[in-house]
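What follows is data_20.cif (mmCIF, C-alpha atoms).
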```
data_target
loop_
_atom_site.group_PDB
_atom_site.id
_atom_site.type_symbol
_atom_site.label_atom_id
_atom_site.label_comp_id
_atom_site.auth_asym_id
_atom_site.auth_seq_id
_atom_site.Cartn_x
_atom_site.Cartn_y
_atom_site.Cartn_z
ATOM 1 C CA MET A 1 -40.929 -56.524 18.090
ATOM 2 C CA LEU A 2 -38.925 -59.726 17.854
ATOM 3 C CA THR A 3 -37.943 -58.776 14.311
ATOM 4 C CA ARG A 4 -35.202 -56.640 15.854
ATOM 5 C CA LEU A 5 -33.726 -59.819 17.318
ATOM 6 C CA ARG A 6 -33.834 -61.663 13.995
ATOM 7 C CA PRO A 7 -30.079 -61.458 13.215
ATOM 8 C CA ALA A 8 -29.148 -63.034 16.565
ATOM 9 C CA ALA A 9 -31.980 -65.560 16.320
ATOM 10 C CA SER A 10 -30.897 -66.493 12.783
ATOM 11 C CA ARG A 11 -27.374 -67.262 13.981
ATOM 12 C CA ILE A 12 -28.714 -69.437 16.817
ATOM 13 C CA LEU A 13 -31.105 -71.233 14.454
ATOM 14 C CA ALA A 14 -28.326 -71.822 11.913
ATOM 15 C CA ARG A 15 -26.203 -73.492 14.609
ATOM 16 C CA ALA A 16 -29.152 -75.568 15.819
ATOM 17 C CA ALA A 17 -30.109 -76.525 12.259
ATOM 18 C CA ALA A 18 -26.657 -77.774 11.234
ATOM 19 C CA PRO A 19 -26.939 -81.222 12.877
ATOM 20 C CA LEU A 20 -30.617 -81.456 11.896
ATOM 21 C CA ALA A 21 -30.106 -80.777 8.195
ATOM 22 C CA ARG A 22 -30.248 -84.496 7.371
ATOM 23 C CA LEU A 23 -34.013 -84.144 7.019
ATOM 24 C CA PRO A 24 -35.515 -81.820 4.398
ATOM 25 C CA ALA A 25 -36.740 -78.438 5.615
ATOM 26 C CA ASP A 26 -40.366 -79.308 4.874
ATOM 27 C CA ALA A 27 -40.117 -82.115 7.443
ATOM 28 C CA TYR A 28 -39.588 -79.501 10.176
ATOM 29 C CA THR A 29 -42.535 -77.481 8.897
ATOM 30 C CA VAL A 30 -44.736 -80.575 9.194
ATOM 31 C CA LEU A 31 -43.227 -81.564 12.573
ATOM 32 C CA GLY A 32 -43.999 -78.077 13.868
ATOM 33 C CA LEU A 33 -47.634 -78.588 12.951
ATOM 34 C CA ALA A 34 -47.667 -82.158 14.309
ATOM 35 C CA ALA A 35 -46.470 -80.818 17.667
ATOM 36 C CA VAL A 36 -49.775 -78.952 17.882
ATOM 37 C CA ALA A 37 -51.562 -82.241 18.656
ATOM 38 C CA PRO A 38 -49.893 -82.757 22.059
ATOM 39 C CA TYR A 39 -50.413 -79.039 22.763
ATOM 40 C CA LEU A 40 -54.150 -79.471 22.191
ATOM 41 C CA TYR A 41 -54.162 -82.636 24.290
ATOM 42 C CA ALA A 42 -52.478 -80.829 27.192
ATOM 43 C CA ALA A 43 -54.967 -77.968 26.910
ATOM 44 C CA ALA A 44 -57.911 -80.386 26.818
ATOM 45 C CA ARG A 45 -56.576 -82.075 29.975
ATOM 46 C CA GLY A 46 -56.375 -78.715 31.737
ATOM 47 C CA ARG A 47 -52.568 -78.545 31.830
ATOM 48 C CA PRO A 48 -51.733 -74.978 30.760
ATOM 49 C CA VAL A 49 -48.041 -75.053 31.761
ATOM 50 C CA GLU A 50 -47.489 -78.224 29.737
ATOM 51 C CA ALA A 51 -49.452 -76.625 26.888
ATOM 52 C CA ALA A 52 -47.173 -73.556 27.015
ATOM 53 C CA VAL A 53 -44.061 -75.714 26.714
ATOM 54 C CA LEU A 54 -45.564 -77.683 23.815
ATOM 55 C CA LEU A 55 -46.636 -74.490 22.051
ATOM 56 C CA LEU A 56 -43.028 -73.272 22.226
ATOM 57 C CA VAL A 57 -41.749 -76.658 20.985
ATOM 58 C CA SER A 58 -44.136 -76.431 18.026
ATOM 59 C CA ALA A 59 -42.945 -72.915 17.237
ATOM 60 C CA ALA A 60 -39.272 -73.883 17.608
ATOM 61 C CA LEU A 61 -39.644 -76.792 15.194
ATOM 62 C CA ASP A 62 -41.370 -74.500 12.734
ATOM 63 C CA ALA A 63 -38.618 -71.893 13.113
ATOM 64 C CA LEU A 64 -35.995 -74.469 12.148
ATOM 65 C CA ASP A 65 -37.413 -75.052 8.677
ATOM 66 C CA GLY A 66 -36.012 -71.860 7.166
ATOM 67 C CA ALA A 67 -32.541 -72.409 8.629
ATOM 68 C CA VAL A 68 -32.496 -76.023 7.426
ATOM 69 C CA ALA A 69 -33.700 -74.941 3.966
ATOM 70 C CA ARG A 70 -30.861 -72.432 3.674
ATOM 71 C CA LEU A 71 -28.261 -74.996 4.816
ATOM 72 C CA ARG A 72 -29.530 -77.587 2.350
ATOM 73 C CA GLY A 73 -29.946 -75.088 -0.507
ATOM 74 C CA GLU A 74 -33.698 -75.774 -0.550
ATOM 75 C CA ALA A 75 -35.006 -72.292 0.275
ATOM 76 C CA GLY A 76 -37.638 -71.390 -2.282
ATOM 77 C CA PRO A 77 -41.259 -70.523 -2.984
ATOM 78 C CA ARG A 78 -42.681 -74.024 -2.411
ATOM 79 C CA GLY A 79 -41.281 -74.318 1.113
ATOM 80 C CA ALA A 80 -42.308 -70.751 1.957
ATOM 81 C CA TYR A 81 -45.824 -71.490 0.700
ATOM 82 C CA LEU A 82 -46.117 -74.681 2.763
ATOM 83 C CA ASP A 83 -44.699 -72.959 5.841
ATOM 84 C CA SER A 84 -47.093 -70.025 5.544
ATOM 85 C CA LEU A 85 -50.182 -72.202 5.166
ATOM 86 C CA LEU A 86 -49.276 -74.611 7.962
ATOM 87 C CA ASP A 87 -48.505 -71.636 10.212
ATOM 88 C CA ARG A 88 -52.123 -70.501 9.773
ATOM 89 C CA VAL A 89 -53.356 -73.985 10.744
ATOM 90 C CA ALA A 90 -51.102 -73.895 13.818
ATOM 91 C CA ASP A 91 -52.340 -70.402 14.725
ATOM 92 C CA ALA A 92 -55.934 -71.668 14.648
ATOM 93 C CA ALA A 93 -54.954 -74.649 16.800
ATOM 94 C CA TYR A 94 -53.216 -72.375 19.318
ATOM 95 C CA ALA A 95 -56.485 -70.450 19.646
ATOM 96 C CA ALA A 96 -58.426 -73.709 20.011
ATOM 97 C CA GLY A 97 -56.175 -74.634 22.932
ATOM 98 C CA LEU A 98 -57.173 -71.432 24.698
ATOM 99 C CA LEU A 99 -60.823 -72.365 24.233
ATOM 100 C CA LEU A 100 -60.164 -75.848 25.603
ATOM 101 C CA LEU A 101 -58.744 -74.209 28.722
ATOM 102 C CA GLY A 102 -61.969 -72.254 29.134
ATOM 103 C CA LEU A 103 -60.763 -68.774 28.226
ATOM 104 C CA ASN A 104 -63.277 -66.207 27.036
ATOM 105 C CA THR A 105 -64.639 -67.121 23.604
ATOM 106 C CA LEU A 106 -64.824 -63.540 22.323
ATOM 107 C CA LEU A 107 -61.223 -62.831 23.336
ATOM 108 C CA VAL A 108 -60.034 -66.019 21.630
ATOM 109 C CA TYR A 109 -62.096 -65.209 18.524
ATOM 110 C CA LEU A 110 -60.552 -61.725 18.346
ATOM 111 C CA LEU A 111 -57.093 -63.281 18.649
ATOM 112 C CA ALA A 112 -57.729 -65.869 15.932
ATOM 113 C CA VAL A 113 -59.251 -63.468 13.413
ATOM 114 C CA GLY A 114 -56.735 -60.723 14.145
ATOM 115 C CA SER A 115 -53.827 -63.138 13.772
ATOM 116 C CA LEU A 116 -55.109 -64.344 10.407
ATOM 117 C CA LEU A 117 -55.606 -60.769 9.199
ATOM 118 C CA VAL A 118 -52.119 -59.696 10.296
ATOM 119 C CA SER A 119 -50.623 -62.575 8.302
ATOM 120 C CA TYR A 120 -52.918 -62.031 5.326
ATOM 121 C CA ALA A 121 -52.149 -58.295 5.193
ATOM 122 C CA ARG A 122 -48.447 -59.091 5.004
ATOM 123 C CA ALA A 123 -48.875 -61.807 2.365
ATOM 124 C CA LYS A 124 -51.115 -59.668 0.168
ATOM 125 C CA TYR A 125 -48.889 -56.595 0.425
ATOM 126 C CA GLU A 126 -45.771 -58.592 -0.371
ATOM 127 C CA SER A 127 -47.437 -60.326 -3.341
ATOM 128 C CA LEU A 128 -48.505 -56.955 -4.784
ATOM 129 C CA THR A 129 -45.289 -55.037 -4.164
ATOM 130 C CA GLY A 130 -42.487 -57.583 -3.962
ATOM 131 C CA ARG A 131 -41.378 -55.727 -0.816
ATOM 132 C CA SER A 132 -41.294 -57.050 2.727
ATOM 133 C CA MET A 133 -43.725 -55.928 5.394
ATOM 134 C CA GLU A 134 -41.717 -57.632 8.112
ATOM 135 C CA GLY A 135 -41.358 -55.401 11.153
ATOM 136 C CA THR A 136 -44.594 -53.501 10.555
ATOM 137 C CA GLY A 137 -46.552 -53.653 13.804
ATOM 138 C CA VAL A 138 -45.698 -54.886 17.271
ATOM 139 C CA MET A 139 -47.375 -58.297 17.214
ATOM 140 C CA GLU A 140 -45.959 -60.446 14.438
ATOM 141 C CA ARG A 141 -46.199 -64.227 14.631
ATOM 142 C CA GLY A 142 -43.151 -64.809 16.838
ATOM 143 C CA ASP A 143 -44.368 -62.141 19.240
ATOM 144 C CA ARG A 144 -47.829 -63.731 19.355
ATOM 145 C CA VAL A 145 -46.461 -67.195 20.086
ATOM 146 C CA ILE A 146 -44.386 -65.966 23.025
ATOM 147 C CA ALA A 147 -47.289 -63.855 24.291
ATOM 148 C CA LEU A 148 -49.643 -66.851 24.095
ATOM 149 C CA ALA A 149 -47.176 -68.967 26.059
ATOM 150 C CA LEU A 150 -47.245 -66.275 28.748
ATOM 151 C CA VAL A 151 -51.065 -66.317 28.742
ATOM 152 C CA LEU A 152 -50.955 -70.083 29.241
ATOM 153 C CA LEU A 153 -48.546 -69.655 32.149
ATOM 154 C CA LEU A 154 -50.996 -67.210 33.749
ATOM 155 C CA VAL A 155 -53.932 -69.642 33.644
ATOM 156 C CA PRO A 156 -52.944 -71.435 36.892
ATOM 157 C CA HIS A 157 -52.949 -68.018 38.621
ATOM 158 C CA GLY A 158 -56.547 -67.375 37.647
ATOM 159 C CA ARG A 159 -58.618 -67.004 34.563
ATOM 160 C CA ALA A 160 -58.963 -63.246 35.108
ATOM 161 C CA ALA A 161 -55.192 -62.708 34.860
ATOM 162 C CA ALA A 162 -54.939 -64.837 31.715
ATOM 163 C CA GLU A 163 -57.912 -63.110 30.084
ATOM 164 C CA THR A 164 -56.551 -59.647 30.929
ATOM 165 C CA ALA A 165 -53.278 -60.580 29.224
ATOM 166 C CA LEU A 166 -55.194 -62.040 26.280
ATOM 167 C CA ALA A 167 -57.222 -58.818 25.925
ATOM 168 C CA LEU A 168 -53.970 -56.840 25.796
ATOM 169 C CA ILE A 169 -52.585 -59.219 23.157
ATOM 170 C CA ASP A 170 -55.791 -58.800 21.148
ATOM 171 C CA LEU A 171 -55.357 -55.033 21.273
ATOM 172 C CA LEU A 172 -51.770 -55.311 20.036
ATOM 173 C CA VAL A 173 -52.706 -57.814 17.304
ATOM 174 C CA TRP A 174 -55.473 -55.569 16.000
ATOM 175 C CA SER A 175 -53.217 -52.499 16.167
ATOM 176 C CA THR A 176 -50.676 -54.435 14.077
ATOM 177 C CA PHE A 177 -53.394 -55.222 11.538
ATOM 178 C CA ALA A 178 -54.454 -51.541 11.461
ATOM 179 C CA GLU A 179 -50.836 -50.457 10.947
ATOM 180 C CA ARG A 180 -50.412 -52.921 8.065
ATOM 181 C CA LEU A 181 -53.725 -51.910 6.525
ATOM 182 C CA ALA A 182 -52.739 -48.245 6.669
ATOM 183 C CA ARG A 183 -49.282 -48.901 5.236
ATOM 184 C CA GLY A 184 -50.635 -50.917 2.325
ATOM 185 C CA TYR A 185 -53.371 -48.397 1.574
ATOM 186 C CA ARG A 186 -50.864 -45.531 1.696
ATOM 187 C CA GLU A 187 -48.154 -47.226 -0.412
ATOM 188 C CA LEU A 188 -50.135 -49.124 -3.043
ATOM 189 C CA PRO A 189 -51.157 -47.198 -6.180
ATOM 190 C CA ARG A 190 -54.843 -46.514 -6.759
ATOM 191 C CA ARG A 191 -54.617 -47.754 -10.339
ATOM 192 C CA PRO A 192 -52.241 -50.078 -12.156
ATOM 193 C CA ALA A 193 -49.185 -48.346 -13.605
ATOM 194 C CA GLY A 194 -49.687 -47.095 -17.145
ATOM 195 C CA LEU A 195 -53.394 -46.275 -16.873
#
```
Transcribe the structure of this file into C-alpha cells.
Amino acid sequence: MLTRLRPAASRILARAAAPLARLPADAYTVLGLAAVAPYLYAAARGRPVEAAVLLLVSAALDALDGAVARLRGEAGPRGAYLDSLLDRVADAAYAAGLLLLGLNTLLVYLLAVGSLLVSYARAKYESLTGRSMEGTGVMERGDRVIALALVLLLVPHGRAAAETALALIDLLVWSTFAERLARGYRELPRRPAGL
C-alpha cells in the first residue's frame, strides 16, 4: 500500500539524507538494526508507546540507507544484500517485542513467519526473473512496520484491542504472501527456456 507513496517518500528521504551522507549507507543499515535493542528494552519494561516510537526510529534509520547510498554513489548489490538480511533480523526482533509485551504467541508467530515468507517470495521471484515484485500485496515491509507501531499504541488500551489488530495484520500479511505465491507460480515458466 505504501508503495504508492514511494515517489513522495523518496524525495523526503533524499532531503533528509543529504546532511547525513557523511557516513556510508551501510552505517545507517546497521544503525537501524542497532535501534532494535532499545525497542526490545522498552517492550521488556512494558512500555508499548515508547516501543512504538523506537520501532519507527529503527525503521526510519533503515529507510535512510538507500537514499544515502544513492547520494554517495554507493548503491549496489552488496548494500542491498546487507539491508535485506538485517531487515529480516529486525523483523524477527519486532515480533519478539510483541511477545515481551505479552501478546498472543500464535498471533505473533503467524506475523513473524508470514513476514519472512512475504520477503522471501519477493527475493526469490526477483532473483529468478530480474523483475520487481514491489507493490504486489497490501502488506509490504513499510506497511507492516507502521501497522505494528499501531498495534503497540493499542496495547495500553487493552490486550484484546491490540490482538484484534494483530490478527487483522496477520490476515493481510498472509494474503500478501498468497498473492505473491500466485503471481510467481503464474509467471514463472515450468521448465527452463530451451528445453
Each residue of range 35-58 of chain A lying at most 10 Å from range 133-146 of chain A should get a row with its shortest atom-to-atom pair and the distance in Å to one decimal, counting only C-alpha atoms; could you produce that, ordered by chain and increasing number, as JSON lines?
```
{"residue": "A:Ala52", "atom": "CA", "partner": "A:Ile146", "partner_atom": "CA", "distance": 9.0}
{"residue": "A:Leu55", "atom": "CA", "partner": "A:Val145", "partner_atom": "CA", "distance": 7.6}
{"residue": "A:Leu56", "atom": "CA", "partner": "A:Val145", "partner_atom": "CA", "distance": 7.3}
{"residue": "A:Ser58", "atom": "CA", "partner": "A:Val145", "partner_atom": "CA", "distance": 9.7}
```
If the box runs along x, y and z of the file and leaves 5 Å on each side of range 169-186 of chain A, what are its centre and edge lengths in Å, one decimal, as JSON?
```
{"center_x": -52.5, "center_y": -52.4, "center_z": 12.4, "size_x": 16.5, "size_y": 23.7, "size_z": 31.6}
```
Query raised in the report: Of the residues A:Tyr185, A:Tyr94, A:Tyr41, A:Tyr28, which is the one nearest to Ala112 in chain A, using all atoms listed in the file?
Result: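 Counting all atoms listed in the file, the residue closest to Ala112 in chain A is A:Tyr94.
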Tell me which residues the PyMOL selection byres ((chain A and resi 122) around 12) grabs here, as an mmCIF file with C-alpha atoms, in the frame of the given file.
```cif
data_model
loop_
_atom_site.group_PDB
_atom_site.id
_atom_site.type_symbol
_atom_site.label_atom_id
_atom_site.label_comp_id
_atom_site.auth_asym_id
_atom_site.auth_seq_id
_atom_site.Cartn_x
_atom_site.Cartn_y
_atom_site.Cartn_z
ATOM 1 C CA SER A 84 -47.093 -70.025 5.544
ATOM 2 C CA SER A 115 -53.827 -63.138 13.772
ATOM 3 C CA LEU A 116 -55.109 -64.344 10.407
ATOM 4 C CA LEU A 117 -55.606 -60.769 9.199
ATOM 5 C CA VAL A 118 -52.119 -59.696 10.296
ATOM 6 C CA SER A 119 -50.623 -62.575 8.302
ATOM 7 C CA TYR A 120 -52.918 -62.031 5.326
ATOM 8 C CA ALA A 121 -52.149 -58.295 5.193
ATOM 9 C CA ALA A 123 -48.875 -61.807 2.365
ATOM 10 C CA LYS A 124 -51.115 -59.668 0.168
ATOM 11 C CA TYR A 125 -48.889 -56.595 0.425
ATOM 12 C CA GLU A 126 -45.771 -58.592 -0.371
ATOM 13 C CA SER A 127 -47.437 -60.326 -3.341
ATOM 14 C CA LEU A 128 -48.505 -56.955 -4.784
ATOM 15 C CA THR A 129 -45.289 -55.037 -4.164
ATOM 16 C CA GLY A 130 -42.487 -57.583 -3.962
ATOM 17 C CA ARG A 131 -41.378 -55.727 -0.816
ATOM 18 C CA SER A 132 -41.294 -57.050 2.727
ATOM 19 C CA MET A 133 -43.725 -55.928 5.394
ATOM 20 C CA GLU A 134 -41.717 -57.632 8.112
ATOM 21 C CA GLY A 135 -41.358 -55.401 11.153
ATOM 22 C CA THR A 136 -44.594 -53.501 10.555
ATOM 23 C CA GLY A 137 -46.552 -53.653 13.804
ATOM 24 C CA GLU A 140 -45.959 -60.446 14.438
ATOM 25 C CA ARG A 141 -46.199 -64.227 14.631
ATOM 26 C CA THR A 176 -50.676 -54.435 14.077
ATOM 27 C CA PHE A 177 -53.394 -55.222 11.538
ATOM 28 C CA ALA A 178 -54.454 -51.541 11.461
ATOM 29 C CA GLU A 179 -50.836 -50.457 10.947
ATOM 30 C CA ARG A 180 -50.412 -52.921 8.065
ATOM 31 C CA LEU A 181 -53.725 -51.910 6.525
ATOM 32 C CA ALA A 182 -52.739 -48.245 6.669
ATOM 33 C CA ARG A 183 -49.282 -48.901 5.236
ATOM 34 C CA GLY A 184 -50.635 -50.917 2.325
#
```
Report summary line: Gly73 in chain A proximity check over A:Ala165, A:Ile12, A:Arg190, A:Ala21, using only C-alpha atoms: winner is A:Ala21
Report task. Write out as a list in words each polymer residue whose atoms come within 10 Å of Tyr109 in chain A, counting only C-alpha atoms; drop sequence neighbours fewer than 6 positions from it. Result ->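 The contact residues come out as Ala92, Ala95, Ala96, Leu99, Ser115 and Asp170 of chain A.
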Query raised in the report: In Å, how far is it from CA of Leu100 in chain A to CA of Val155 in chain A?
Result: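 Separation of CA of Leu100 in chain A and CA of Val155 in chain A: 11.9 Å.
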Query - Of the listed residues A:Asp26, A:Pro38, A:Leu171, A:Leu188, that which approaches Pro77 in chain A most closely, counting only C-alpha atoms - result: A:Asp26
Requested in this report: Determine the residue set returned by the PyMOL selection byres ((chain A and resi 54) around 12) for the present structure, and present it as a ChimeraX atom specification.
Outcome: /A:32-43,47-53,55-61,94,97,145-146,148-149,152-153
Report summary line: From CA of Trp174 in chain A to CA of Glu187 in chain A the spacing works out at 19.8 Å
Requested in this report: Find, counting only C-alpha atoms, the residue in A:Leu172, A:Leu150, A:Ala44, A:Ala90 that gets nearest to Gly114 in chain A.
Outcome: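 Of the candidates, the smallest distance to Gly114 in chain A is held by A:Leu172.
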Report task. To one decimal in Å, tell me the separation between CA of Val68 in chain A and CA of Tyr81 in chain A. Result ->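 Taking CA of Val68 in chain A as the start and CA of Tyr81 in chain A as the end point, the length is 15.6 Å.
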Query raised in the report: Applied to this file, what does the PyMOL selection byres ((chain A and resi 24) around 12) return in terms of residues, put as a PyMOL selection string?
Result: chain A and resi 17-18+20-23+25-31+64-75+79
Requested in this report: Tell me, as an MDAnalysis selection string, which residues lie within 8 Å of Val151 in chain A, counting only C-alpha atoms; anything in the same chain fewer than 5 positions away does not count.
Outcome: chainID A and resid 162:163 165:166
